[in-house]
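Source file: work_8.tsv; contents: TSV, C-alpha atoms.
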chain	number	residue	atom	x	y	z
A	147	MET	CA	0.00	0.00	0.00
A	148	SER	CA	1.42	3.38	-1.01
A	149	THR	CA	2.17	5.74	1.85
A	150	ASN	CA	0.78	8.58	-0.28
A	151	SER	CA	-2.64	6.92	-0.52
A	152	THR	CA	-5.47	8.74	1.28
A	153	VAL	CA	-7.41	6.58	3.71
A	154	PHE	CA	-11.12	7.32	4.02
A	155	THR	CA	-13.51	6.27	6.68
A	156	VAL	CA	-16.64	4.41	5.70
A	157	PHE	CA	-18.71	7.43	6.62
A	158	GLN	CA	-16.57	9.69	4.42
A	159	VAL	CA	-17.05	7.37	1.46
A	160	ASN	CA	-20.79	7.24	2.02
A	161	GLN	CA	-20.90	11.03	2.33
A	162	ALA	CA	-18.97	11.37	-0.93
A	163	ILE	CA	-21.38	9.04	-2.68
A	164	LYS	CA	-24.28	11.01	-1.28
A	165	GLN	CA	-22.80	14.31	-2.43
A	166	MET	CA	-21.98	12.92	-5.88
A	167	LEU	CA	-25.54	11.66	-6.35
A	168	GLU	CA	-27.11	14.89	-5.20
A	169	GLU	CA	-24.90	17.02	-7.45
A	170	MET	CA	-25.91	15.13	-10.59
A	171	PRO	CA	-28.64	17.26	-12.26
A	172	PRO	CA	-30.69	14.29	-13.60
A	173	PHE	CA	-31.00	12.88	-10.09
A	174	ARG	CA	-32.31	16.06	-8.49
A	175	ASN	CA	-35.80	15.85	-9.96
A	176	LEU	CA	-36.61	12.68	-11.85
A	177	TYR	CA	-39.67	10.52	-12.50
A	178	VAL	CA	-39.50	6.78	-11.87
A	179	GLN	CA	-42.11	4.32	-13.08
A	180	GLY	CA	-42.54	1.12	-11.08
A	181	GLU	CA	-44.63	-1.14	-8.90
A	182	ILE	CA	-44.90	-0.63	-5.15
A	183	SER	CA	-43.81	-3.48	-2.88
A	184	ASN	CA	-42.88	-3.83	0.79
A	185	TYR	CA	-45.03	-0.81	1.53
A	186	LYS	CA	-44.94	0.28	5.17
A	187	ALA	CA	-46.60	3.28	6.82
A	188	HIS	CA	-44.50	4.13	9.86
A	189	SER	CA	-46.01	5.56	13.03
A	190	SER	CA	-43.97	8.71	12.40
A	191	GLY	CA	-45.98	9.33	9.26
A	192	HIS	CA	-43.16	8.48	6.87
A	193	ARG	CA	-43.74	5.91	4.12
A	194	TYR	CA	-41.15	3.28	3.24
A	195	PHE	CA	-41.44	1.08	0.14
A	196	THR	CA	-39.68	-0.37	-2.87
A	197	LEU	CA	-40.17	0.56	-6.50
A	198	LYS	CA	-39.55	-2.40	-8.79
A	199	ASP	CA	-39.91	-3.60	-12.34
A	200	GLU	CA	-39.06	-6.87	-14.07
A	201	ARG	CA	-35.29	-6.38	-13.76
A	202	ALA	CA	-34.48	-4.24	-10.72
A	203	ALA	CA	-35.65	-2.68	-7.46
A	204	LEU	CA	-35.09	0.72	-5.86
A	205	SER	CA	-35.62	1.60	-2.21
A	206	ALA	CA	-37.76	4.66	-1.61
A	207	VAL	CA	-38.95	6.83	1.25
A	208	MET	CA	-41.65	9.50	1.39
A	209	PHE	CA	-41.59	11.83	4.36
A	210	ARG	CA	-44.73	12.65	6.31
A	211	SER	CA	-45.14	16.19	4.95
A	212	ASP	CA	-45.13	14.89	1.36
A	213	ALA	CA	-47.23	11.81	2.12
A	214	SER	CA	-49.99	13.94	3.71
A	215	ARG	CA	-50.62	15.62	0.36
A	216	LEU	CA	-51.36	12.37	-1.49
A	217	ARG	CA	-54.91	12.11	-2.83
A	218	PHE	CA	-54.89	8.32	-2.75
A	219	ARG	CA	-53.61	5.57	-0.48
A	220	PRO	CA	-50.62	3.66	-1.90
A	221	ASP	CA	-50.65	-0.12	-1.63
A	222	ASN	CA	-48.56	-3.12	-2.65
A	223	GLY	CA	-48.91	-4.06	-6.30
A	224	MET	CA	-49.99	-0.57	-7.37
A	225	LYS	CA	-48.23	0.79	-10.44
A	226	VAL	CA	-47.16	4.39	-9.92
A	227	ILE	CA	-45.01	7.18	-11.28
A	228	ALA	CA	-42.94	8.69	-8.46
A	229	ARG	CA	-41.20	12.06	-8.54
A	230	GLY	CA	-38.22	12.85	-6.34
A	231	ARG	CA	-34.46	12.83	-6.01
A	232	ILE	CA	-31.82	10.13	-5.76
A	233	SER	CA	-29.48	10.15	-2.79
A	234	SER	CA	-28.04	7.79	-0.23
A	235	TYR	CA	-28.28	7.28	3.48
A	236	PRO	CA	-24.75	7.84	4.86
A	237	LYS	CA	-25.19	5.55	7.84
A	238	SER	CA	-25.85	2.48	5.71
A	239	GLY	CA	-24.68	3.69	2.32
A	240	GLN	CA	-27.98	2.56	0.79
A	241	VAL	CA	-28.96	4.39	-2.37
A	242	GLN	CA	-32.64	5.34	-2.32
A	243	MET	CA	-35.18	7.64	-3.83
A	244	TYR	CA	-36.67	10.41	-1.74
A	245	VAL	CA	-40.18	10.72	-3.18
A	246	VAL	CA	-41.98	14.07	-2.96
A	247	ASP	CA	-44.99	13.24	-5.14
A	248	MET	CA	-46.62	10.18	-6.64
A	249	MET	CA	-49.52	9.37	-8.95
A	250	PRO	CA	-51.09	6.13	-10.15
A	251	ASP	CA	-49.79	4.98	-13.46
A	252	GLY	CA	-52.56	5.07	-16.06
A	253	VAL	CA	-55.35	6.26	-13.67
A	254	GLY	CA	-55.64	9.69	-12.11
A	255	SER	CA	-54.81	9.98	-8.43
A	256	LEU	CA	-58.14	11.68	-7.74
A	257	THR	CA	-60.04	8.81	-9.33
A	258	ILE	CA	-58.12	6.30	-7.18
A	259	ALA	CA	-58.73	8.40	-4.07
A	260	PHE	CA	-62.45	8.64	-4.88
A	261	GLN	CA	-62.85	4.86	-5.27
A	262	GLN	CA	-60.81	4.08	-2.15
A	263	LEU	CA	-62.77	6.48	0.08
A	264	LYS	CA	-66.09	5.39	-1.39
A	265	GLN	CA	-65.32	1.72	-0.71
A	266	ARG	CA	-64.11	2.39	2.85
A	267	LEU	CA	-67.13	4.49	3.82
A	268	TYR	CA	-69.48	2.00	2.16
A	269	GLN	CA	-68.03	-0.86	4.21
A	270	GLU	CA	-68.36	1.28	7.31
A	271	GLY	CA	-72.09	1.63	6.62
A	272	LEU	CA	-72.07	5.39	6.10
A	273	PHE	CA	-74.15	5.06	2.91
A	274	ASP	CA	-76.78	2.61	4.25
A	275	THR	CA	-80.34	3.47	3.25
A	276	GLY	CA	-81.45	2.84	6.82
A	277	ARG	CA	-79.53	5.97	7.86
A	278	LYS	CA	-81.36	8.18	5.37
A	279	LYS	CA	-83.81	10.74	6.77
A	280	PRO	CA	-87.00	11.68	4.88
A	281	ILE	CA	-87.08	15.04	3.12
A	282	PRO	CA	-89.84	17.24	4.63
A	283	ALA	CA	-92.73	17.93	2.24
A	284	PHE	CA	-93.22	21.54	3.33
A	285	PRO	CA	-89.97	22.93	4.79
A	286	SER	CA	-90.37	26.30	6.48
A	287	THR	CA	-86.63	27.10	6.64
A	288	ILE	CA	-84.02	25.95	4.12
A	289	ALA	CA	-80.29	26.34	4.76
A	290	ILE	CA	-78.06	26.49	1.66
A	291	VAL	CA	-74.36	25.73	2.21
A	292	THR	CA	-72.53	26.90	-0.89
A	293	SER	CA	-70.56	29.74	-2.43
A	294	PRO	CA	-72.45	33.03	-2.06
A	295	THR	CA	-71.26	34.34	-5.43
A	296	GLY	CA	-71.79	31.42	-7.81
A	297	ALA	CA	-74.55	30.99	-10.34
A	298	ALA	CA	-75.75	27.90	-8.46
A	299	VAL	CA	-76.93	29.83	-5.41
A	300	ARG	CA	-78.70	32.44	-7.55
A	301	ASP	CA	-80.54	29.69	-9.45
A	302	MET	CA	-81.61	27.98	-6.24
A	303	ILE	CA	-82.89	31.20	-4.66
A	304	ARG	CA	-84.80	32.11	-7.81
A	305	ILE	CA	-86.47	28.70	-8.09
A	306	LEU	CA	-87.28	28.48	-4.37
A	307	LYS	CA	-88.91	31.94	-4.34
A	308	ARG	CA	-90.90	31.15	-7.46
A	309	ARG	CA	-92.10	27.73	-6.33
A	310	TYR	CA	-92.55	28.22	-2.59
A	311	PRO	CA	-92.12	31.86	-1.51
A	312	ILE	CA	-93.23	31.30	2.10
A	313	ALA	CA	-90.04	29.31	2.87
A	314	VAL	CA	-87.25	31.17	4.67
A	315	ILE	CA	-83.91	30.79	2.85
A	316	GLU	CA	-80.66	30.98	4.83
A	317	ILE	CA	-77.37	31.28	2.93
A	318	HIS	CA	-74.31	29.90	4.70
A	319	PRO	CA	-71.36	31.11	2.59
A	320	VAL	CA	-68.40	28.78	2.17
A	321	ARG	CA	-65.64	28.16	-0.32
A	322	VAL	CA	-66.51	25.23	-2.57
A	323	GLN	CA	-63.07	24.50	-4.01
A	324	GLY	CA	-59.46	24.87	-3.08
A	325	GLU	CA	-57.55	24.20	0.12
A	326	GLY	CA	-59.70	24.46	3.25
A	327	ALA	CA	-63.01	24.34	1.35
A	328	ALA	CA	-63.98	20.92	2.71
A	329	GLN	CA	-63.40	22.08	6.29
A	330	GLU	CA	-65.60	25.13	5.74
A	331	ILE	CA	-68.43	23.06	4.25
A	332	ALA	CA	-68.32	20.55	7.11
A	333	GLN	CA	-68.25	23.30	9.72
A	334	ALA	CA	-71.20	25.12	8.12
A	335	ILE	CA	-73.30	21.93	8.18
A	336	ALA	CA	-72.45	21.46	11.85
A	337	ASP	CA	-73.34	25.12	12.58
A	338	VAL	CA	-76.76	24.77	10.93
A	339	ASN	CA	-77.46	21.73	13.10
A	340	GLU	CA	-76.33	23.54	16.23
A	341	ARG	CA	-78.72	26.42	15.54
A	342	GLY	CA	-81.55	23.96	14.92
A	343	LYS	CA	-83.75	26.39	12.98
A	344	ALA	CA	-83.59	24.81	9.52
A	345	ASP	CA	-85.82	21.97	8.35
A	346	LEU	CA	-83.57	21.11	5.40
A	347	ILE	CA	-79.98	21.63	4.21
A	348	ILE	CA	-78.87	21.88	0.59
A	349	THR	CA	-75.14	21.74	-0.03
A	350	GLY	CA	-73.40	21.79	-3.38
A	351	ARG	CA	-72.07	23.89	-6.23
A	352	GLY	CA	-72.17	24.22	-9.98
A	353	GLY	CA	-70.31	22.04	-12.45
A	354	GLY	CA	-66.58	21.75	-12.93
A	355	SER	CA	-63.72	19.33	-13.26
A	356	LEU	CA	-63.05	16.53	-10.81
A	357	GLU	CA	-60.49	18.76	-9.14
A	358	ASP	CA	-63.02	21.60	-8.87
A	359	LEU	CA	-65.58	19.35	-7.22
A	360	TRP	CA	-63.09	17.63	-4.95
A	361	ALA	CA	-64.17	19.37	-1.72
A	362	PHE	CA	-67.37	17.29	-1.88
A	363	ASN	CA	-65.27	14.11	-2.13
A	364	GLU	CA	-63.49	14.77	1.15
A	365	GLU	CA	-64.14	12.45	4.07
A	366	ILE	CA	-64.77	15.32	6.48
A	367	VAL	CA	-67.72	16.54	4.36
A	368	ALA	CA	-69.18	13.03	4.03
A	369	ARG	CA	-69.05	12.53	7.80
A	370	ALA	CA	-70.57	15.95	8.50
A	371	ILE	CA	-73.49	15.12	6.18
A	372	ALA	CA	-74.00	11.68	7.74
A	373	ALA	CA	-73.88	13.17	11.26
A	374	SER	CA	-76.48	15.87	10.47
A	375	ASP	CA	-79.76	15.58	12.35
A	376	ILE	CA	-81.32	17.79	9.66
A	377	PRO	CA	-81.97	16.09	6.28
A	378	VAL	CA	-79.36	16.99	3.66
A	379	ILE	CA	-79.70	17.17	-0.14
A	380	SER	CA	-76.43	16.96	-2.07
A	381	ALA	CA	-76.46	19.02	-5.28
A	382	VAL	CA	-73.01	18.97	-6.85
A	383	GLY	CA	-72.17	19.69	-10.47
A	384	HIS	CA	-74.21	18.41	-13.40
A	385	GLU	CA	-76.15	15.18	-14.02
A	386	PRO	CA	-73.10	12.93	-14.77
A	387	ASP	CA	-71.11	14.21	-11.78
A	388	VAL	CA	-71.15	11.93	-8.74
A	389	THR	CA	-69.41	12.76	-5.47
A	390	ILE	CA	-68.94	11.11	-2.11
A	391	SER	CA	-71.38	13.62	-0.59
A	392	ASP	CA	-74.09	12.29	-2.94
A	393	PHE	CA	-73.79	8.84	-1.33
A	394	ALA	CA	-73.72	10.22	2.23
A	395	ALA	CA	-76.65	12.63	1.78
A	396	ASP	CA	-80.28	11.79	2.45
A	397	ALA	CA	-81.12	12.66	-1.16
A	398	ARG	CA	-79.14	13.49	-4.30
A	399	ALA	CA	-80.09	16.13	-6.83
A	400	SER	CA	-78.63	16.09	-10.33
A	401	THR	CA	-77.97	19.85	-10.19
A	402	PRO	CA	-78.43	22.69	-7.68
A	403	SER	CA	-81.50	23.83	-9.62
A	404	ASN	CA	-82.92	20.32	-9.40
A	405	ALA	CA	-82.36	20.38	-5.63
A	406	ALA	CA	-84.49	23.53	-5.34
A	407	GLU	CA	-87.24	21.81	-7.33
A	408	LEU	CA	-87.06	18.64	-5.26
A	409	CYS	CA	-87.20	20.17	-1.82
A	410	VAL	CA	-90.31	22.36	-2.09
A	411	PRO	CA	-93.72	21.99	-3.74
A	412	ASP	CA	-94.83	24.26	-6.58
A	413	ARG	CA	-97.22	26.91	-5.28
A	414	MET	CA	-99.19	26.85	-8.53
A	415	GLU	CA	-99.73	23.13	-8.18
A	416	LEU	CA	-100.69	23.64	-4.54
A	417	GLN	CA	-103.22	26.30	-5.54
A	418	ARG	CA	-104.73	24.01	-8.16
A	419	LEU	CA	-104.84	21.20	-5.61
A	420	LEU	CA	-106.49	23.44	-3.00
A	421	LEU	CA	-109.06	24.67	-5.51
A	422	SER	CA	-109.82	21.10	-6.52
A	423	ARG	CA	-110.15	20.01	-2.90
A	424	SER	CA	-112.32	23.05	-2.15
A	425	SER	CA	-114.66	22.17	-5.02
A	426	GLN	CA	-114.82	18.56	-3.86
A	427	MET	CA	-115.61	19.66	-0.31
A	428	ALA	CA	-118.32	22.06	-1.52
A	429	ALA	CA	-119.89	19.34	-3.65
A	430	ALA	CA	-119.76	16.88	-0.76
A	431	MET	CA	-121.38	19.46	1.53
A	432	GLN	CA	-124.16	20.11	-0.98
A	433	ASN	CA	-124.83	16.37	-1.27
A	434	ARG	CA	-124.92	16.04	2.48
A	435	LEU	CA	-127.34	18.96	2.82
A	436	LYS	CA	-129.63	17.44	0.16
A	437	LYS	CA	-129.68	14.12	1.98
A	438	GLU	CA	-130.40	15.79	5.33
A	439	LYS	CA	-133.15	17.90	3.77
A	440	SER	CA	-134.77	14.82	2.23
A	441	ALA	CA	-134.60	13.02	5.57
A	442	TYR	CA	-136.17	16.04	7.31
A	443	GLN	CA	-138.98	16.24	4.80
A	444	ALA	CA	-139.64	12.52	5.20
A	445	LEU	CA	-139.90	12.99	8.95
A	446	GLU	CA	-142.35	15.85	8.52
A	447	HIS	CA	-144.88	13.49	6.92
A	448	ARG	CA	-144.61	10.78	9.55
A	449	ARG	CA	-147.88	10.25	11.53
A	450	GLU	CA	-146.19	10.04	14.91
A	451	LEU	CA	-144.65	13.48	14.49
A	452	LYS	CA	-147.85	15.09	13.21
A	453	THR	CA	-150.10	13.54	15.95
A	454	PRO	CA	-147.99	12.31	18.87
A	455	THR	CA	-151.07	11.03	20.76
A	456	ALA	CA	-151.97	8.83	17.83
A	457	TYR	CA	-148.46	7.43	17.90
A	458	LEU	CA	-148.76	6.66	21.60
A	459	GLN	CA	-152.16	5.03	21.03
A	460	ASP	CA	-150.65	2.82	18.32
A	461	ARG	CA	-147.84	1.81	20.63
A	462	ARG	CA	-150.35	1.03	23.39
A	463	PHE	CA	-152.38	-1.20	21.10
A	464	ALA	CA	-149.20	-2.95	19.99
A	465	LEU	CA	-148.21	-3.45	23.63
A	466	ASP	CA	-151.61	-4.90	24.55
A	467	HIS	CA	-151.45	-7.28	21.61
A	468	MET	CA	-147.96	-8.37	22.60
A	469	LEU	CA	-149.07	-8.89	26.23
A	470	THR	CA	-152.02	-11.04	25.07
A	471	ARG	CA	-149.70	-13.14	22.94
A	472	MET	CA	-147.26	-13.55	25.81
A	473	GLN	CA	-150.03	-14.69	28.20
A	474	ALA	CA	-151.36	-17.20	25.68
A	475	ALA	CA	-147.87	-18.52	25.06
A	476	THR	CA	-147.28	-18.83	28.80
A	477	GLU	CA	-150.51	-20.75	29.38
A	478	GLN	CA	-149.75	-23.05	26.48
A	479	THR	CA	-146.28	-23.74	27.82
A	480	LEU	CA	-147.61	-24.46	31.32
A	481	ALA	CA	-150.20	-26.87	29.93
A	482	GLN	CA	-147.55	-28.71	27.97
A	483	GLN	CA	-145.33	-28.91	31.06
A	484	ARG	CA	-148.22	-30.25	33.20
A	485	GLN	CA	-149.00	-32.93	30.64
A	486	GLN	CA	-145.37	-33.93	30.42
A	487	PHE	CA	-145.10	-34.04	34.23
A	488	GLY	CA	-148.17	-36.33	34.48
A	489	GLU	CA	-146.75	-38.71	31.90
A	490	LEU	CA	-143.40	-38.92	33.69
A	491	ALA	CA	-145.11	-39.47	37.07
A	492	ALA	CA	-147.20	-42.34	35.66
A	493	TYR	CA	-144.08	-43.87	34.13
A	494	LEU	CA	-142.19	-43.72	37.41
A	495	ASP	CA	-145.16	-45.14	39.32
A	496	ALA	CA	-145.46	-48.07	36.92
A	497	PHE	CA	-141.82	-49.03	37.44
A	498	SER	CA	-141.69	-48.31	41.18
A	499	PRO	CA	-140.56	-51.34	43.29
A	500	LEU	CA	-143.36	-50.66	45.74
A	501	LYS	CA	-145.86	-51.00	42.89
A	502	VAL	CA	-144.47	-54.44	42.14
A	503	LEU	CA	-144.70	-55.49	45.78
A	504	SER	CA	-148.35	-54.43	45.96
A	505	ARG	CA	-149.15	-57.14	43.39
A	506	GLY	CA	-147.95	-59.87	45.80
A	507	TYR	CA	-144.25	-59.93	45.08
A	508	SER	CA	-141.61	-59.58	47.79
A	509	VAL	CA	-137.88	-58.74	48.05
A	510	VAL	CA	-135.43	-60.97	49.96
A	511	HIS	CA	-132.28	-59.54	51.60
A	512	ARG	CA	-129.38	-61.38	53.19
A	513	GLU	CA	-127.94	-60.23	56.46
A	514	ASP	CA	-125.27	-58.27	54.58
A	515	GLY	CA	-128.05	-56.34	52.80
A	516	ARG	CA	-127.49	-58.00	49.44
A	517	ILE	CA	-130.68	-58.80	47.48
A	518	VAL	CA	-131.16	-62.52	46.90
A	519	THR	CA	-131.86	-63.27	43.25
A	520	SER	CA	-130.92	-66.98	43.31
A	521	SER	CA	-131.07	-69.85	45.83
A	522	ALA	CA	-127.38	-70.36	45.14
A	523	LEU	CA	-126.72	-67.27	47.26
A	524	LEU	CA	-128.16	-68.96	50.36
A	525	LYS	CA	-127.21	-71.82	52.69
A	526	LYS	CA	-129.01	-73.54	55.54
A	527	GLN	CA	-129.50	-71.64	58.76
A	528	ASP	CA	-129.09	-68.26	57.00
A	529	HIS	CA	-131.23	-65.49	58.34
A	530	ILE	CA	-132.97	-63.54	55.61
A	531	THR	CA	-135.33	-60.56	55.58
A	532	VAL	CA	-138.42	-60.69	53.37
A	533	ARG	CA	-139.80	-57.27	52.41
A	534	PHE	CA	-143.55	-57.08	51.52
A	535	ALA	CA	-145.66	-54.22	50.21
A	536	LYS	CA	-146.41	-53.54	53.82
A	537	GLY	CA	-143.94	-54.67	56.46
A	538	SER	CA	-141.26	-57.41	56.47
A	539	ALA	CA	-140.31	-60.69	58.17
A	540	VAL	CA	-137.03	-62.29	59.33
A	541	CYS	CA	-136.86	-65.96	58.30
A	542	LEU	CA	-134.51	-68.92	58.88
A	543	VAL	CA	-133.50	-71.01	55.89
A	544	GLU	CA	-134.16	-74.68	56.61
A	545	GLN	CA	-134.10	-76.13	53.12
A	546	ILE	CA	-132.65	-74.94	49.80
A	547	LYS	CA	-134.01	-76.02	46.43
A	548	ARG	CA	-131.73	-75.44	43.47
A	549	LYS	CA	-134.52	-75.65	40.90

Would you mind writing the structure in this file as structure tokens?
Amino acid sequence: MSTNSTVFTVFQVNQAIKQMLEEMPPFRNLYVQGEISNYKAHSSGHRYFTLKDERAALSAVMFRSDASRLRFRPDNGMKVIARGRISSYPKSGQVQMYVVDMMPDGVGSLTIAFQQLKQRLYQEGLFDTGRKKPIPAFPSTIAIVTSPTGAAVRDMIRILKRRYPIAVIEIHPVRVQGEGAAQEIAQAIADVNERGKADLIITGRGGGSLEDLWAFNEEIVARAIAASDIPVISAVGHEPDVTISDFAADARASTPSNAAELCVPDRMELQRLLLSRSSQMAAAMQNRLKKEKSAYQALEHRRELKTPTAYLQDRRFALDHMLTRMQAATEQTLAQQRQQFGELAAYLDAFSPLKVLSRGYSVVHREDGRIVTSSALLKKQDHITVRFAKGSAVCLVEQIKRK
């Protein structure tokens, strides 16, 4: 080894490699296409992963401040295009990419973020129909959470005043796009609930790109809508536009103007309905009066009302006739009962044991009280009692004949 050779420490070498990499212009801001693997979200907020393709792999790290700006959630197997710089970590000498931004390869990051949040909130049950509250048919106060300067709010106010002018309209001004817009929308919905004066909330804005509408795809807005005790109509963009707030709301309108039409009745239709109901009620009343008049006139010609005494006399005659019929029926029933009683008495008398005895027959009892029906029940020297129609005699058995 030459004595003139410079000896470097490992750290110095790693620092030199780091400096060399960072001074190379192509490595300061480059885009790398690859597939994410070994993805790990650290508790510190940093993201560690590997970018790979068919032939190689590159370690990568994304610090918390950069990761918080992502519109989607990275995952293993996802193809992405990452932007950042190439450097090394002096302690280990590992070359890695420090990613500052990332987007899905082939699909927009906002589209990925939309699908991921929609799926997560759906699985959580935030979109269940059982959570939906009915929209009131005749709201007295309507709170509109939107931009105070857009065409959407002017259209809604115009339609609401034309269709249902007795409703009170409250405008809660918020930003509907840009940083902080979602927080303002969510806070306004919470404020309307806290006041408790509104019967209905409409939140939304006019049309625009996916980026313009993104405030209504934020989780904080979806949760504020779902947590509202007051029914919420989501009215974002045009007919094809669908946002997360549409799924979380109690009802979705295709446009802000459509929301104004959905939430209140048309006063002209109400007037026509009231006139129709009024005519029906008048006709029903006239029919009722005619029926009552006919009934009254029929009563006027009734005999009992013209001559009450005659009515009482008729009732008296009817009562006398009924009394006569009742007496006749009673006498007939008693006669039938007497006849039936006599027949039963004669029948009982004919079959009475005493009646049999009176014709010369007798009844023989053993000492145990058992009636003797056969000589086989007796033996010599038995004492028996012979019962006659009148009186009885105690006898001693001296001879028994079997026949």

**Prompt:** Mind pulling up the distance from atom CA of Ile305 of chain A to atom CA of Ala373 of chain A?
**Reply:** 27.8 Å

**Message:** Need the shell around segment 283-288 of chain A: protein/DNA/RNA residues with any atom at most 12 Å away, counting only C-alpha atoms. Skip same-chain ones fewer than 2 positions apart. Format as an NGL selection string?
**Reply:** :A and (280-281 or 290-291 or 302-303 or 306-307 or 309-318 or 338-339 or 341-349 or 376-379 or 405-413 or 416)

**Request:** Find the spatial neighbours of Tyr185 of chain A, counting all atoms listed in the file, within a cut-off of 10 Å - ignore same-chain residues fewer than 4 positions away - and output them as a list in words.
**Result:**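 Here the answer would be Arg193, Tyr194, Phe195, Thr196, Leu197, Ala206, Val207, Pro220, Asp221, Asn222 and Gly223 of chain A.
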
**Request:** Find the distance between atom CA of Ile331 of chain A and atom CA of Ile258 of chain A and write it in Å to one decimal.
**Result:** 22.8 Å

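For the pair atom CA of Phe260 of chain A and atom CA of Ser391 of chain A, the interatomic distance is 11.1 Å.
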
**Message:** Applying 12 Å and all atoms listed in the file, which residues near Pro172 of chain A remain after dropping the ones on its own chain fewer than 6 positions away? List them as a PyMOL selection string.
**Reply:** chain A and resi 166+178+229-233

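For the set A:Glu513, A:Glu200, A:Glu340, A:Asp247, the residue with the smallest atom-to-atom gap to Asn175 of chain A is A:Asp247, counting all atoms listed in the file.
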
**Asked** What's the 9 Å shell around Ile390 of chain A, counting only C-alpha atoms, without same-chain residues fewer than 6 positions away, as a PyMOL selection string?
**Response** chain A and resi 260+263-264+362-365+367-368

**Message:** I'd like the contact shell of Ser293 of chain A - 6 Å cut-off, only C-alpha atoms, skipping same-chain residues fewer than 5 positions apart - returned as a list of chain:residue names.
**Reply:**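 Using only C-alpha atoms, the neighbours found are A:Pro319, A:Val320, A:Arg321.
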
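Proximity of A:Arg308, A:Lys225, A:Arg516, A:Arg398 to Gly350 of chain A, computed with all atoms listed in the file, is greatest for A:Arg398.
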
**Request:** Using only C-alpha atoms, pick whichever of A:Arg369, A:Arg351, A:Lys237, A:Lys547 has the shortest atom-to-atom distance to Pro402 of chain A.
**Result:** A:Arg351
